[in-house]
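Undergrad: Got a structure for you, query.tsv, holding TSV, N, CA and C atoms.
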chain	number	residue	atom	x	y	z
G	1	MET	N	10.27	23.20	-20.00
G	1	MET	CA	9.58	21.93	-19.83
G	1	MET	C	10.57	20.80	-20.08
G	2	GLY	N	10.55	19.77	-19.23
G	2	GLY	CA	11.47	18.64	-19.36
G	2	GLY	C	11.06	17.71	-20.48
G	3	SER	N	11.96	16.81	-20.79
G	3	SER	CA	11.66	15.82	-21.83
G	3	SER	C	10.83	14.69	-21.24
G	4	VAL	N	10.25	13.89	-22.12
G	4	VAL	CA	9.40	12.78	-21.69
G	4	VAL	C	10.19	11.81	-20.80
G	5	GLU	N	11.49	11.70	-21.05
G	5	GLU	CA	12.34	10.80	-20.27
G	5	GLU	C	12.46	11.20	-18.81
G	6	ASP	N	12.15	12.44	-18.50
G	6	ASP	CA	12.24	12.95	-17.13
G	6	ASP	C	10.98	12.68	-16.32
G	7	GLY	N	9.93	12.24	-16.98
G	7	GLY	CA	8.65	12.12	-16.30
G	7	GLY	C	8.41	10.79	-15.61
G	8	LYS	N	7.48	10.81	-14.68
G	8	LYS	CA	7.12	9.60	-13.93
G	8	LYS	C	6.53	8.51	-14.81
G	9	PRO	N	5.63	8.83	-15.75
G	9	PRO	CA	5.09	7.75	-16.59
G	9	PRO	C	6.19	7.01	-17.37
G	10	TYR	N	7.16	7.74	-17.88
G	10	TYR	CA	8.29	7.12	-18.60
G	10	TYR	C	9.05	6.20	-17.66
G	11	ARG	N	9.27	6.68	-16.46
G	11	ARG	CA	9.99	5.88	-15.45
G	11	ARG	C	9.20	4.62	-15.09
G	12	TRP	N	7.89	4.74	-14.94
G	12	TRP	CA	7.05	3.57	-14.68
G	12	TRP	C	7.20	2.56	-15.81
G	13	GLY	N	7.23	3.03	-17.04
G	13	GLY	CA	7.40	2.12	-18.19
G	13	GLY	C	8.75	1.42	-18.15
G	14	SER	N	9.79	2.15	-17.77
G	14	SER	CA	11.11	1.55	-17.65
G	14	SER	C	11.13	0.49	-16.55
G	15	LEU	N	10.48	0.80	-15.43
G	15	LEU	CA	10.39	-0.16	-14.33
G	15	LEU	C	9.63	-1.40	-14.76
G	16	PHE	N	8.53	-1.22	-15.46
G	16	PHE	CA	7.74	-2.36	-15.93
G	16	PHE	C	8.57	-3.25	-16.86
G	17	ALA	N	9.39	-2.64	-17.71
G	17	ALA	CA	10.27	-3.42	-18.60
G	17	ALA	C	11.28	-4.22	-17.80
G	18	ALA	N	11.87	-3.60	-16.78
G	18	ALA	CA	12.86	-4.30	-15.96
G	18	ALA	C	12.23	-5.46	-15.20
G	19	LEU	N	11.05	-5.23	-14.64
G	19	LEU	CA	10.36	-6.30	-13.92
G	19	LEU	C	10.00	-7.46	-14.85
G	20	GLY	N	9.51	-7.13	-16.02
G	20	GLY	CA	9.16	-8.17	-16.99
G	20	GLY	C	10.39	-8.92	-17.48
G	21	ALA	N	11.47	-8.20	-17.67
G	21	ALA	CA	12.71	-8.84	-18.12
G	21	ALA	C	13.20	-9.84	-17.08
G	22	MET	N	13.13	-9.46	-15.82
G	22	MET	CA	13.55	-10.38	-14.76
G	22	MET	C	12.65	-11.61	-14.72
G	23	ARG	N	11.38	-11.39	-14.85
G	23	ARG	CA	10.42	-12.50	-14.83
G	23	ARG	C	10.69	-13.48	-15.97
G	24	SER	N	10.91	-12.97	-17.16
G	24	SER	CA	11.15	-13.86	-18.30
G	24	SER	C	12.53	-14.52	-18.21
G	25	LEU	N	13.50	-13.81	-17.68
G	25	LEU	CA	14.84	-14.36	-17.52
G	25	LEU	C	14.81	-15.56	-16.58
G	26	ALA	N	14.06	-15.46	-15.51
G	26	ALA	CA	13.93	-16.57	-14.56
G	26	ALA	C	13.18	-17.74	-15.19
G	27	ARG	N	12.16	-17.42	-15.97
G	27	ARG	CA	11.30	-18.46	-16.54
G	27	ARG	C	11.99	-19.22	-17.67
G	28	SER	N	12.66	-18.49	-18.56
G	28	SER	CA	13.17	-19.13	-19.78
G	28	SER	C	14.67	-18.96	-20.01
G	29	GLY	N	15.32	-18.13	-19.18
G	29	GLY	CA	16.73	-17.84	-19.41
G	29	GLY	C	16.93	-16.83	-20.53
G	30	ARG	N	15.84	-16.23	-20.98
G	30	ARG	CA	15.88	-15.23	-22.05
G	30	ARG	C	15.15	-13.97	-21.59
G	31	ILE	N	15.52	-12.85	-22.18
G	31	ILE	CA	14.84	-11.59	-21.88
G	31	ILE	C	13.84	-11.35	-22.99
G	32	GLU	N	12.58	-11.53	-22.65
G	32	GLU	CA	11.51	-11.47	-23.65
G	32	GLU	C	10.61	-10.28	-23.38
G	33	GLU	N	10.16	-9.67	-24.47
G	33	GLU	CA	9.22	-8.55	-24.35
G	33	GLU	C	7.87	-9.07	-23.89
G	34	ALA	N	7.19	-8.26	-23.14
G	34	ALA	CA	5.82	-8.58	-22.75
G	34	ALA	C	4.92	-8.42	-23.97
G	35	PRO	N	3.84	-9.18	-24.04
G	35	PRO	CA	2.89	-8.97	-25.14
G	35	PRO	C	2.37	-7.53	-25.13
G	36	ALA	N	2.12	-7.00	-26.31
G	36	ALA	CA	1.67	-5.60	-26.44
G	36	ALA	C	0.44	-5.33	-25.59
G	37	ARG	N	-0.47	-6.28	-25.50
G	37	ARG	CA	-1.69	-6.07	-24.71
G	37	ARG	C	-1.38	-5.93	-23.22
G	38	GLU	N	-0.34	-6.63	-22.75
G	38	GLU	CA	0.07	-6.53	-21.35
G	38	GLU	C	0.69	-5.16	-21.07
G	39	VAL	N	1.48	-4.67	-22.00
G	39	VAL	CA	2.09	-3.34	-21.84
G	39	VAL	C	0.99	-2.28	-21.87
G	40	ALA	N	0.06	-2.41	-22.80
G	40	ALA	CA	-1.04	-1.44	-22.90
G	40	ALA	C	-1.89	-1.45	-21.63
G	41	ALA	N	-2.16	-2.62	-21.09
G	41	ALA	CA	-2.94	-2.70	-19.85
G	41	ALA	C	-2.20	-2.05	-18.70
G	42	ALA	N	-0.91	-2.28	-18.60
G	42	ALA	CA	-0.12	-1.68	-17.53
G	42	ALA	C	-0.01	-0.16	-17.70
G	43	ALA	N	-0.03	0.30	-18.94
G	43	ALA	CA	0.10	1.74	-19.20
G	43	ALA	C	-1.10	2.52	-18.67
G	44	SER	N	-2.23	1.88	-18.53
G	44	SER	CA	-3.39	2.61	-18.04
G	44	SER	C	-3.28	2.92	-16.55
G	45	ASN	N	-2.67	2.03	-15.77
G	45	ASN	CA	-2.47	2.26	-14.35
G	45	ASN	C	-1.29	1.42	-13.87
G	46	PRO	N	-0.07	1.90	-14.09
G	46	PRO	CA	1.13	1.09	-13.81
G	46	PRO	C	1.34	0.76	-12.33
G	47	TYR	N	0.77	1.54	-11.45
G	47	TYR	CA	0.96	1.30	-10.02
G	47	TYR	C	0.61	-0.15	-9.66
G	48	ASN	N	-0.55	-0.60	-10.10
G	48	ASN	CA	-1.02	-1.93	-9.73
G	48	ASN	C	-0.12	-3.03	-10.27
G	49	ASP	N	0.21	-2.97	-11.55
G	49	ASP	CA	1.02	-4.02	-12.15
G	49	ASP	C	2.45	-4.02	-11.62
G	50	CYS	N	3.03	-2.86	-11.48
G	50	CYS	CA	4.40	-2.80	-10.97
G	50	CYS	C	4.45	-3.25	-9.51
G	51	ARG	N	3.48	-2.87	-8.74
G	51	ARG	CA	3.46	-3.29	-7.33
G	51	ARG	C	3.34	-4.81	-7.23
G	52	ARG	N	2.47	-5.39	-8.04
G	52	ARG	CA	2.31	-6.85	-8.04
G	52	ARG	C	3.61	-7.53	-8.42
G	53	LEU	N	4.26	-7.04	-9.47
G	53	LEU	CA	5.52	-7.65	-9.92
G	53	LEU	C	6.64	-7.44	-8.90
G	54	LEU	N	6.65	-6.28	-8.25
G	54	LEU	CA	7.67	-6.04	-7.21
G	54	LEU	C	7.52	-7.01	-6.04
G	55	ARG	N	6.28	-7.31	-5.68
G	55	ARG	CA	6.05	-8.27	-4.59
G	55	ARG	C	6.57	-9.66	-4.95
G	56	GLU	N	6.59	-9.97	-6.23
G	56	GLU	CA	6.95	-11.31	-6.70
G	56	GLU	C	8.37	-11.39	-7.26
G	57	ILE	N	9.22	-10.39	-7.08
G	57	ILE	CA	10.50	-10.34	-7.79
G	57	ILE	C	11.61	-11.17	-7.14
G	58	GLY	N	11.49	-11.48	-5.87
G	58	GLY	CA	12.55	-12.20	-5.18
G	58	GLY	C	12.88	-13.55	-5.80
G	59	GLU	N	11.87	-14.38	-5.99
G	59	GLU	CA	12.12	-15.71	-6.56
G	59	GLU	C	12.63	-15.64	-7.99
G	60	PRO	N	12.04	-14.82	-8.88
G	60	PRO	CA	12.62	-14.73	-10.22
G	60	PRO	C	14.09	-14.28	-10.21
G	61	PHE	N	14.43	-13.35	-9.33
G	61	PHE	CA	15.83	-12.93	-9.24
G	61	PHE	C	16.71	-14.10	-8.84
G	62	PHE	N	16.30	-14.82	-7.83
G	62	PHE	CA	17.07	-15.96	-7.35
G	62	PHE	C	17.22	-17.01	-8.45
G	63	LEU	N	16.14	-17.32	-9.15
G	63	LEU	CA	16.20	-18.32	-10.22
G	63	LEU	C	17.08	-17.87	-11.38
G	64	ALA	N	16.99	-16.59	-11.73
G	64	ALA	CA	17.82	-16.07	-12.82
G	64	ALA	C	19.29	-16.12	-12.44
G	65	ARG	N	19.61	-15.81	-11.20
G	65	ARG	CA	21.01	-15.87	-10.75
G	65	ARG	C	21.53	-17.30	-10.73
G	66	GLU	N	20.67	-18.27	-10.50
G	66	GLU	CA	21.09	-19.67	-10.52
G	66	GLU	C	21.49	-20.14	-11.91
G	67	ARG	N	21.04	-19.48	-12.94
G	67	ARG	CA	21.34	-19.90	-14.31
G	67	ARG	C	22.81	-19.74	-14.65
G	68	SER	N	23.50	-18.89	-13.98
G	68	SER	CA	24.91	-18.56	-14.19
G	68	SER	C	25.15	-17.96	-15.58
G	69	GLY	N	26.40	-17.62	-15.86
G	69	GLY	CA	26.77	-17.03	-17.15
G	69	GLY	C	26.12	-15.69	-17.39
G	70	SER	N	25.82	-15.40	-18.66
G	70	SER	CA	25.29	-14.09	-19.01
G	70	SER	C	23.89	-13.86	-18.44
G	71	ALA	N	23.11	-14.91	-18.25
G	71	ALA	CA	21.78	-14.74	-17.65
G	71	ALA	C	21.91	-14.25	-16.21
G	72	ALA	N	22.84	-14.82	-15.47
G	72	ALA	CA	23.05	-14.40	-14.08
G	72	ALA	C	23.58	-12.97	-14.03
G	73	ASP	N	24.47	-12.63	-14.95
G	73	ASP	CA	25.00	-11.27	-15.01
G	73	ASP	C	23.89	-10.27	-15.34
G	74	ALA	N	23.03	-10.63	-16.29
G	74	ALA	CA	21.91	-9.76	-16.66
G	74	ALA	C	20.98	-9.56	-15.48
G	75	ALA	N	20.72	-10.63	-14.73
G	75	ALA	CA	19.82	-10.53	-13.58
G	75	ALA	C	20.35	-9.52	-12.56
G	76	LEU	N	21.63	-9.53	-12.36
G	76	LEU	CA	22.23	-8.60	-11.40
G	76	LEU	C	22.03	-7.15	-11.84
G	77	VAL	N	22.28	-6.87	-13.10
G	77	VAL	CA	22.10	-5.51	-13.62
G	77	VAL	C	20.63	-5.11	-13.58
G	78	ILE	N	19.76	-6.01	-14.00
G	78	ILE	CA	18.33	-5.71	-14.03
G	78	ILE	C	17.81	-5.45	-12.61
G	79	MET	N	18.27	-6.22	-11.64
G	79	MET	CA	17.84	-5.98	-10.25
G	79	MET	C	18.27	-4.59	-9.80
G	80	GLY	N	19.46	-4.18	-10.19
G	80	GLY	CA	19.90	-2.81	-9.88
G	80	GLY	C	19.01	-1.78	-10.54
G	81	ASP	N	18.61	-2.04	-11.78
G	81	ASP	CA	17.69	-1.14	-12.47
G	81	ASP	C	16.36	-1.05	-11.73
G	82	ILE	N	15.87	-2.20	-11.29
G	82	ILE	CA	14.60	-2.21	-10.56
G	82	ILE	C	14.70	-1.35	-9.31
G	83	ALA	N	15.80	-1.49	-8.59
G	83	ALA	CA	15.99	-0.69	-7.38
G	83	ALA	C	16.05	0.81	-7.69
G	84	ARG	N	16.77	1.18	-8.75
G	84	ARG	CA	16.89	2.59	-9.11
G	84	ARG	C	15.60	3.17	-9.67
G	85	LEU	N	14.81	2.36	-10.36
G	85	LEU	CA	13.61	2.85	-11.03
G	85	LEU	C	12.37	2.87	-10.13
G	86	THR	N	12.40	2.14	-9.03
G	86	THR	CA	11.26	2.13	-8.13
G	86	THR	C	11.13	3.50	-7.48
G	87	PRO	N	9.97	4.14	-7.64
G	87	PRO	CA	9.83	5.50	-7.11
G	87	PRO	C	9.99	5.57	-5.60
G	88	ALA	N	10.67	6.59	-5.16
G	88	ALA	CA	10.79	6.85	-3.71
G	88	ALA	C	9.53	7.59	-3.28
G	89	GLY	N	9.13	7.38	-2.06
G	89	GLY	CA	7.96	8.08	-1.56
G	89	GLY	C	6.68	7.41	-2.01
G	90	ARG	N	5.61	8.00	-1.62
G	90	ARG	CA	4.30	7.45	-1.94
G	90	ARG	C	4.00	7.62	-3.42
G	91	ALA	N	3.71	6.52	-4.09
G	91	ALA	CA	3.43	6.56	-5.52
G	91	ALA	C	1.95	6.87	-5.77
G	92	SER	N	1.69	7.54	-6.84
G	92	SER	CA	0.32	7.85	-7.22
G	92	SER	C	-0.40	6.58	-7.67
G	93	ARG	N	-1.60	6.43	-7.20
G	93	ARG	CA	-2.41	5.28	-7.61
G	93	ARG	C	-3.36	5.65	-8.74
G	94	ASN	N	-3.29	6.90	-9.17
G	94	ASN	CA	-4.16	7.36	-10.25
G	94	ASN	C	-3.73	6.74	-11.57
G	95	GLY	N	-4.69	6.55	-12.43
G	95	GLY	CA	-4.39	6.07	-13.77
G	95	GLY	C	-3.70	7.15	-14.58
G	96	LEU	N	-3.20	6.75	-15.73
G	96	LEU	CA	-2.50	7.69	-16.61
G	96	LEU	C	-3.44	8.16	-17.71
G	97	ASP	N	-3.28	9.42	-18.11
G	97	ASP	CA	-4.04	9.89	-19.26
G	97	ASP	C	-3.37	9.40	-20.54
G	98	GLN	N	-3.91	9.75	-21.66
G	98	GLN	CA	-3.42	9.23	-22.95
G	98	GLN	C	-1.96	9.60	-23.21
G	99	ASP	N	-1.59	10.84	-22.96
G	99	ASP	CA	-0.20	11.26	-23.19
G	99	ASP	C	0.75	10.58	-22.22
G	100	GLU	N	0.32	10.43	-20.97
G	100	GLU	CA	1.16	9.75	-19.99
G	100	GLU	C	1.32	8.27	-20.34
G	101	ALA	N	0.26	7.66	-20.84
G	101	ALA	CA	0.34	6.25	-21.25
G	101	ALA	C	1.32	6.08	-22.42
G	102	LYS	N	1.35	7.05	-23.31
G	102	LYS	CA	2.33	7.02	-24.42
G	102	LYS	C	3.75	7.11	-23.87
G	103	ALA	N	3.96	7.96	-22.88
G	103	ALA	CA	5.28	8.10	-22.26
G	103	ALA	C	5.66	6.80	-21.55
G	104	PHE	N	4.69	6.14	-20.92
G	104	PHE	CA	4.93	4.85	-20.28
G	104	PHE	C	5.46	3.85	-21.32
G	105	VAL	N	4.77	3.75	-22.44
G	105	VAL	CA	5.17	2.82	-23.50
G	105	VAL	C	6.56	3.18	-24.03
G	106	GLN	N	6.84	4.47	-24.17
G	106	GLN	CA	8.17	4.89	-24.61
G	106	GLN	C	9.24	4.46	-23.61
G	107	GLY	N	8.96	4.61	-22.33
G	107	GLY	CA	9.90	4.18	-21.31
G	107	GLY	C	10.12	2.68	-21.35
G	108	TYR	N	9.03	1.94	-21.54
G	108	TYR	CA	9.13	0.49	-21.65
G	108	TYR	C	10.01	0.11	-22.84
G	109	GLU	N	9.71	0.69	-23.99
G	109	GLU	CA	10.45	0.35	-25.21
G	109	GLU	C	11.92	0.74	-25.12
G	110	ALA	N	12.20	1.87	-24.54
G	110	ALA	CA	13.60	2.32	-24.42
G	110	ALA	C	14.40	1.39	-23.50
G	111	ARG	N	13.81	1.02	-22.37
G	111	ARG	CA	14.51	0.13	-21.44
G	111	ARG	C	14.73	-1.24	-22.07
G	112	PHE	N	13.72	-1.75	-22.76
G	112	PHE	CA	13.88	-3.06	-23.39
G	112	PHE	C	14.94	-3.00	-24.49
G	113	ALA	N	15.00	-1.89	-25.22
G	113	ALA	CA	16.03	-1.73	-26.26
G	113	ALA	C	17.42	-1.76	-25.64
G	114	GLU	N	17.56	-1.17	-24.46
G	114	GLU	CA	18.86	-1.22	-23.76
G	114	GLU	C	19.23	-2.66	-23.43
G	115	TYR	N	18.25	-3.43	-22.96
G	115	TYR	CA	18.52	-4.83	-22.63
G	115	TYR	C	18.86	-5.64	-23.89
G	116	ARG	N	18.14	-5.37	-24.96
G	116	ARG	CA	18.41	-6.07	-26.22
G	116	ARG	C	19.84	-5.79	-26.69
G	117	LYS	N	20.26	-4.55	-26.57
G	117	LYS	CA	21.61	-4.18	-26.98
G	117	LYS	C	22.67	-4.80	-26.07
G	118	ALA	N	22.43	-4.79	-24.77
G	118	ALA	CA	23.41	-5.29	-23.81
G	118	ALA	C	23.52	-6.82	-23.84
G	119	TRP	N	22.39	-7.49	-24.06
G	119	TRP	CA	22.38	-8.96	-24.01
G	119	TRP	C	21.70	-9.53	-25.24
G	120	GLU	N	22.26	-9.21	-26.39
G	120	GLU	CA	21.69	-9.66	-27.66
G	120	GLU	C	21.49	-11.18	-27.68
G	121	SER	N	22.44	-11.92	-27.11
G	121	SER	CA	22.34	-13.38	-27.13
G	121	SER	C	21.19	-13.90	-26.28
G	122	LEU	N	20.71	-13.08	-25.35
G	122	LEU	CA	19.60	-13.50	-24.50
G	122	LEU	C	18.25	-13.02	-25.02
G	123	THR	N	18.25	-12.08	-25.96
G	123	THR	CA	16.99	-11.54	-26.44
G	123	THR	C	16.62	-12.04	-27.83
G	124	GLY	N	17.61	-12.41	-28.61
G	124	GLY	CA	17.39	-12.97	-29.94
G	124	GLY	C	16.57	-12.22	-30.88
Could you rewrite the structure in this file as structure tokens?
TA:
Amino acid sequence: MGSVEDGKPYRWGSLFAALGAMRSLARSGRIEEAPAREVAAAASNPYNDCRRLLREIGEPFFLARERSGSAADAALVIMGDIARLTPAGRASRNGLDQDEAKAFVQGYEARFAEYRKAWESLTG
């Protein structure tokens, strides 16, 4: 049996973290965690939230790149993460069970921890 990091719910959580990081980077020039209630809501059915954020990612990417410096550099890396983390093929629209939702949150937290470590000055 594979580890939780190998599963789709974990990957959805990582994608949700990357999308949220890009959104906050464009808005404030900082990489901010989503409120816990937003992460919990997305964990129940990540397809809907990730799809919505993916549709809206172009402008935040452009705005984050306009900031220049470390914010622009972070935006470039995060956009690459978004591309790599977006599932290939038809994604399941089914909600996640309790264990899968926990894996989603773990994926979210792990990805955000990577961003915090890489861009400490932007996450504070």
Undergrad: Dump as a ChimeraX atom specification all residues having an atom at most 9 Å from (12.5, -5.7, -20.2), computed in the file's coordinates with only C-alpha atoms.
TA: /G:14-24,31-34,78,108-109,111-116
Undergrad: Work out how far apart atom C of Pro9 in chain G and CA of Ser70 in chain G are and give it in Å to one decimal.
TA: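 Separating atom C of Pro9 in chain G from CA of Ser70 in chain G is a distance of 28.5 Å.
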Undergrad: For a quick check of understanding, using only N, CA and C atoms, which of G:Trp12, G:Phe62, G:Tyr47, G:Trp119 has the smallest distance to Gly107 in chain G?
TA: G:Trp12
Undergrad: Got a sec to tell me which of chain G DSSP assigns to helix (DSSP H, G or I), as a PyMOL selection string?
TA: chain G and resi 4-6+8-28+36-44+46-55+58-66+69-85+98-118+120-123
Undergrad: Could you tell me how far CA of Pro60 in chain G lies from atom C of Ser28 in chain G, in Å and to one decimal?
TA: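 CA of Pro60 in chain G sits 10.9 Å away from atom C of Ser28 in chain G.
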Undergrad: Separation of CA of Met79 in chain G and CA of Tyr10 in chain G, in Å?
TA: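 Distance between the two atoms: 18.2 Å.
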Undergrad: Residues within 10 Å of (8.1, 6.3, -10.8), file coordinates, counting only C-alpha atoms: what are they? Give the list as an MDAnalysis selection string.
TA: chainID G and resid 7:15 46:47 50 84:92
Undergrad: For Asn45 in chain G, list every protein, DNA or RNA residue within 7 Å, evaluated using only C-alpha atoms, and leave out those in the same chain fewer than 3 positions away; present the list as a list in words.
TA: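 Neighbouring residues, sequence-local ones excluded: Ala42, Asn48, Asn94, Gly95 and Leu96 of chain G.
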